Structures are given as structure tokens and as C-alpha cells.
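Beneath this line is the structure, given in C-alpha cells, with notes to follow.
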Protein chains: 2
Amino acid sequence: MHSEFDFINNIKKKFDLRHVGDDCAVLPKDAKTDLLITADLLVQDVDFRLDWTTPEYLGHKVLAVSLSDIAAMGGTPLHAMLSIGVPAELWKTDFLDRFYEGWHTLAREFDVELVGGDVSRADACVIDSIVMGETARSRAFLRSGARHGDAIYVSGTLGGSAAGLKLLEDGHSEHALIHRHLAPLPRLSLAAALSGLNLVTSMIDVSDGFAADLAHICRASDVGATVDAGLLPIDERVVGLFGDQEALDLALHGGEDYELVFTCGPESASAFEGLQITRVGKINSESGTIGLTRNNQTTTLPSRGFRHF
Amino acid sequence: MHSEFDFINNIKKKFDLRHVGDDCAVLPKDAKTDLLITADLLVQDVDFRLDWTTPEYLGHKVLAVSLSDIAAMGGTPLHAMLSIGVPAELWKTDFLDRFYEGWHTLAREFDVELVGGDVSRADACVIDSIVMGETARSRAFLRSGARHGDAIYVSGTLGGSAAGLKLLEDGHSEHALIHRHLAPLPRLSLAAALSGLNLVTSMIDVSDGFAADLAHICRASDVGATVDAGLLPIDERVVGLFGDQEALDLALHGGEDYELVFTCGPESASAFEGLQITRVGKINSESGTIGLTRNNQTTTLPSRGFRHF
């Protein structure tokens with residue numbers, strides 16, 4: 001079965017959709033500003049489980065994933081909309097009140113205002129999170145700007161969210177990694193700092209998985225990459241719980257870390273002092289191929305990540 | 001159980017959401033322009049049935065309902081996003097290809113560009129339609145501007161869509177009214193003409209039902225209304241099929257006609273020559289009450305319309 005990525009690429013070509021292909025669409029706003037807009041659809045029992053989260057966490061997370069898209073473009077979020085379908089049984093409870101509380105707690109932190117949306121009945125809970133933001137004109141970070149010789153950086157740590165999901169699947173309910181999975185924090189202040197430095201050549205957030213998301217950059221930029229496994233900032237707690245091999249696998253392919261992966265010229269390192277980022281590899285000219293170097297051996301990395309189909 | 005209207009009003013008060021309450025949110029774009037944005041969530045077996053429509057009609061309709069929201073604000077649509085959840089069985093078919101064909105056929109007519117969205121797996125088909133447009137600064141038609149003494153107008157005809165739905169429910173599959181229900185046409189050119197005239201004091205589109213939507217205007221404007229049953233532009237075909245009484249009921253409460261209901265000063269009539277609109281009543285000061293005059297008797301109209309809960 002074709003993946004949603006193939007599907008979107010087909011639609012993009014067929015209808016000549018020139019604004020599709022990054023974490024947000026970039027539209028002209030005024031002479032000095034571009035508008036960013038992103039939508040994320042979260043479906044019960046596909047993207048979340050109500051018995052694993054709380055309504056507050058869910059409200060937090062649906063906003064966080066969209067804020068992370070704004071961060072990935074180097075933008076500042078401003079407005080949001082929520083379209084929500086809920087079963088009648090949930091409608092009768094305090095589910096939505098608590099959901100909106102959780103949503104607003106995060107929204108207040110980043111000064112995001114809810115300006116619209118829709119409410120409908122549905123058999124399963126479904127939420128479409130829409131966030132609008134802005135960047136200086138023509139300054140949004142795209143996936144397509146990586147160049148041969150660029151360094152590859154990633155923020156924070158990897159693997160924590162997928163490990164948290166594993167713990168939930170194994171029946172656990174209380175663990176810092178579970179919190180990491182249920183209530184991710186969008187890297188907006190890092191994005192703002194990077195935007196100010198004007199050194200980033202391409203950026204994406206880690207939603208599908210580090211390898212899959214880096215592959216999105218490589219495809220859009222028509223370049224390849226090598227990643228040094230020893231440099232990957234794998235969450236220490238994941239290593240402690242699952243061991244080296246599985247922790248590496250979760251860091252590469254687990255997804256939903258909502259960290260930022262970006263590229264920049266090889267001489268940029270000194271400008272990044274004080275930022276929580278790690279250089280993990282290098283862009284090369286072998287279009288579409290990602291090599292993983294480990295113990296002096298390089299293997300080609302499959303770009304598998306989360307797929308709905 | 002509280003309705004979604006009560007729910008939205010509560011959320012609006014609780015979190016002080018000053019941009020919520022019209023068919024679109026109105027946000028500042030540049031010195032001369034406001035941005036309009038609207039979202040409509042359509043859920044399988046609640047808002048549509050796959051055995052009653054075609055993928056092309058569904059694509060058309062999800063865009064049409066959002067374009068109608070842009071029309072209701074007197075705006076011009078520009079960009080759109082689609083978030084779609086589909087079951088794996090549908091994913092394997094040509095459903096989405098045909099859906100996007102139908103969507104684009106209408107989009108091309110109004111020069112609307114798809115700029116983003118999301119695709120997910122879901123147990124039932126669910127579509128969030130997001131459309132962005134614009135108006136001249138501070139010139140969007142709101143629900144809150146109706147004044148005592150204003151005339152009430154409605155475009156086109158009423159009752160056709162609900163009658164089409166009734167025919168579908170009764171097992172029919174081919175009828176002009178069914179087409180009216182499945183493929184509504186947004187009144188964007190009328191909205192543009194009205195916007196140019198600068199006489200409209202409030203506007204809304206008929207989605208929930210004429211009476212319910214007029215009640216939205218009355219509540220937002222803190223006024224009341226009287227409607228003359230004899231003046232309502234009830235679709236002739238509906239009268240022919242269902243008789244006077246049921247046709248009146250469908251015209252008042254059926255919904256989904258996607259016509260425009262608006263108010264304007266009592267002296268505006270001459271400016272409207274050539275427009276397909278009908279004067280149907282008058283705004284008064286009896287806040288929140290809608291009276292229906294029929295055969296010289298006035299009854300209070302319940303504002304019931306389509307409710308999800």
C-alpha cells in the first residue's frame with residue numbers, strides 16, 4: 001500500500017501545489033512578514049488512546065505538535081483553531097472542559113489565541129489542530145535548503161517519547177518518559193534563537209522519527225547525509241531501561257520527540273554556544289541516502305518512521 | 001444535554017475568545033486587509049453518508065461549506081487546507097483521488113489554492129476543511145451589526161437542501177434537490193456585490209437552518225425579528241413534492257441551503273436591483289425573539305436547527 005508521503009507527493013504534482021511540502025505553508029502576509037499555517041489531525045486509537053492520557057495532556061499535546069511545526073519553520077505562533085469530533089458519551093462528561101484547560105495552559109505560555117474551529121459528533125474522538133504564526137519575509141526555514149558539506153544538528157534528546165509509548169504499551173502509567181510522550185514541549189525558544197542567528201539552511205521537527213525526518217530534508221534538498229551513531233543525543237533514561245541497541249533504534253525511528261533537526265554551514269558551531277543542540281552528522285551529495293556510522297562501519301539507514309498506511 | 005452553541009459560548013466567555021462568534025475569525029493582515037479563516041469538520045454518518053454521495057460531490061461539498069463561510073463575511077477566498085482521516089479500506093481505493101478531483105473542480109472556479117493539511121488513518125471518514133480569505137480592513141460582515149428597523153434579506157431559495165436529504169432518506173438517488181443537497185454552491189459573487197454596495201449591517205449563511213441562523217444574528221446583535229412566511233423564497237419544487245406546510249418547515253428549519261441571510265437599512269432596496277435576493281422581514285428591538293407572520297397571525301419561531309448534540 002502506498003504511504004501517505006507518496007500520496008501527498010502525488011497530489012502535490014498533480015495539482016501543482018507549490019505551497020505544500022514543509023511543516024507549515026508559507027503565505028505572504030505583508031511587506032515584511034510571511035504567514036505560517038499548519039494543521040495536524042489526531043485520531044483516537046491511532047494517534048492517542050484516551051485510557052493512556054488525560055484530557056489535559058491531550059489538549060496540551062494537540063497544540064504542542066502544531067507549535068512544533070511553527071518552531072520547525074523558525075516562526076512565532078499567534079493564532080489557533082480547533083476542530084473537534086467527540087462521541088456523545090464524552091460530550092456529557094467534563095472531557096472537553098478539561099481538554100480546553102490543558103490546551104490553554106500551553107497556549108498562554110506562548111501567547112497563542114484560539115480564534116475558531118468547529119465541534120461535531122463522531123464515533124471516535126478526532127481533533128484537527130490548526131496553528132498560524134509568522135516569520136520575517138522569506139526567512140522561514142524550509143526542508144529544501146541543505147547543502148553538501150553542511151553540518152547536521154539535533155536539539156535536546158532523542159528516543160524518550162517512543163520509550164514512553166513503549167512503557168504505556170507494557171502497562172506502565174507513571175514515568176518521566178511517559179510524560180515526555182504525552183506532553184511534549186515545542187522548541188519555540190530555540191527556533192527563535194536560531195532564527196536570529198540566520199545560519200540555518202534547512203529545518204524539520206522530529207515527528208515521524210529522526211531518520212525519517214532527516215530523509216525528508218535530504219529528499220527536499222536533493223542531498224544525502226551521514227550520521228554518527230556515537231554522537232546522537234540518546235535519552236540516558238532510555239538507554240538505562242532498554243539497553244544500547246534498542247535505545248539507538250528508538251532514537252532513530254521512534255518519532256514524536258518534537259526536537260528540531262537542522263542543517264547549517266560547517267563553520268557555524270561557535271555561534272551556537274549555550275544552545276541545547278548536538279552536531280550529529282554531515283550532509284553529502286549522495287542524494288536520498290542516509291548513512292549511519294557506528295564503530296567505524298557505515299550502514300545505509302532505512303528511512304522508515306511512523307506511517308499511518 | 002447542552003448544545004454545541006452553548007458549549008462554544010461557555011468556552012468563549014471562560015477564555016475570553018474575542019475572535020470567536022462569526023462564520024470566520026477576522027484577523028489583521030496588513031494595513032488595508034483583514035484575513036478571514038474558517039474551519040468545518042465533516043464526519044461520516046453524521047454530516048454525510050458515503051452511500052448517498054460520490055467522492056467528487058463530497059470533495060465539492062467540504063470546500064463549498066467553508067467558501068460559504070467566507071461569503072457570509074463578504075470575503076474573497078484565497079487558500080485552503082484539508083485534514084482527512086480515512087479508513088484503510090478506503091485508502092486502498094480511488095476514493096481520495098476522486099475526492100481531490102471534486103474538491104479542485106470547485107476550487108479552480110474560485111481560484112482557491114490548497115496549501116496544506118494532514119492525512120491520518122481513522123475508523124470512519126472525517127474531513128476538516130479550512131479556508132482562508134480576505135476582506136478590506138474592518139469591512140467584514142459580522143453577525144452583530146443588525147439594528148432595529150433593518151430589513152432582512154435572504155438569497156436564492158430555501159428548503160431545497162433539506163428536501164434533497166429527505167429524498168435520500170426515503171431511498172431516492174436521482175433528483176435536482178438531491179444535487180442541491182450534495183453539491184451546494186457558495187454565494188461568493190453575491191457576497192462580492194454586497195460588499196461593494198456597503199449597505200449590509202449583518203450577515204450569516206444558512207447552514208443550521210434559516211430560523212436558527214437568523215437567531216444567531218439576533219442574539220449577536222441583541223435584537224429581534226419578524227419574518228413574513230408569505231415572502232419566504234421557498235423552493236417551488238419542495239412545495240410541489242411535500243406541500244405548503246412541510247415546505248415551510250423545511251425552509252425555516254431544514255438547513256444546509258448555504259444561502260446568505262443579511263440585514264440592511266430599510267431604504268436599501270433600490271440598490272439591490274438585479275440581485276437574486278428577497279426581502280423577508282424586519283429587525284425589531286425585542287431581543288432574541290423571532291416572530292413568524294402567516295395569514296395575519298404572528299407566532300414565535302423556535303430557533304431549532306441542526307444540532308450535533
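Letters A, B, ... mark the chains of the C-alpha cells in the order given; residue numbers begin at 1 per chain; ligand numbers begin at 1, in order shown.
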Notebook entry, point to check: What's the 12 Å shell around A:Ser202, counting only C-alpha atoms, without same-chain residues fewer than 6 positions away, as a VMD selection string?
Noted result: chain A and resid 22 to 23 72 to 74 139 to 147 150 to 154 191 194 to 195 213 to 214 216 to 221 223 260 to 265 283
Next item on the list: Among the residues of stretch 33-265 of chain A, find those DSSP assigns to helix (DSSP H, G or I) from the backbone and print them as a ChimeraX atom specification.
Entry: /A:55-72,88-91,95-109,143-145,160-169,176-182,188-197,210-221,229-231,236-253
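Across the model, the gap from atom CA of B:Glu259 to atom CA of B:Leu185 is 8.6 Å.
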Note to self: Report as a VMD selection string all protein, DNA and RNA residues lying within 6 Å of A:Thr293, evaluated on only C-alpha atoms, omitting residues in the same chain fewer than 4 positions from it.
What the structure shows: chain A and resid 228 to 229 297 to 298
Could you save the residues just selected, with C-alpha atoms, as a tab-separated table (two decimals), in the first residue's frame?
chain	number	residue	atom	x	y	z
A	228	ASP	CA	27.46	9.32	13.60
A	229	ALA	CA	25.62	6.97	15.97
A	297	GLN	CA	31.32	0.93	9.97
A	298	THR	CA	28.77	2.75	7.83
Next item on the list: Might you pull out every residue within 12 Å of A:His179, with only C-alpha atoms counted and same-chain residues fewer than 2 positions away left off, and present them as an NGL selection string?
Entry: :A and (52-54 or 57-58 or 60-61 or 160-165 or 167-168 or 172-177 or 181-185 or 257)
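Comparing the minimum interatomic distances between chain B and each of A:Phe99, A:Tyr258, A:Phe48, A:Trp91, counting only C-alpha atoms, we find that A:Trp91 sits nearest.
Each of A:Val131, A:Val126, A:Ala39, A:Ala136 was checked against A:Ala80 using only C-alpha atoms; the smallest atom-to-atom distance is that of A:Val131.
Using only C-alpha atoms, the shortest contact distance between chain B and any of A:Phe5, A:Gly254, A:Gln276, A:His308 is found at A:His308.
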Margin query: Set the distance at 9 Å and use only C-alpha atoms: which residues neighbour A:Asp34 once local chain neighbours fewer than 6 positions away are removed? I'd like the list as number ranges by chain.
Written below: A: 26-28, 133-140
Next item on the list: Write out as a list in words all residues of stretch 165-252 of chain A that backbone DSSP assigns to strand (DSSP E).
Entry: Val200, Thr201, Ser202, Met203, Ile204, Asp205, Gly224, Ala225, Thr226, Val227 and Asp228 of chain A
Notebook entry, point to check: Taking only C-alpha atoms into account, which of B:Ala269, B:Val115, B:Ile70, B:Leu82 comes nearest chain A?
Noted result: B:Val115
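Between atom CA of B:Arg187 and atom CA of A:Ser129 the interatomic distance comes to 27.7 Å.
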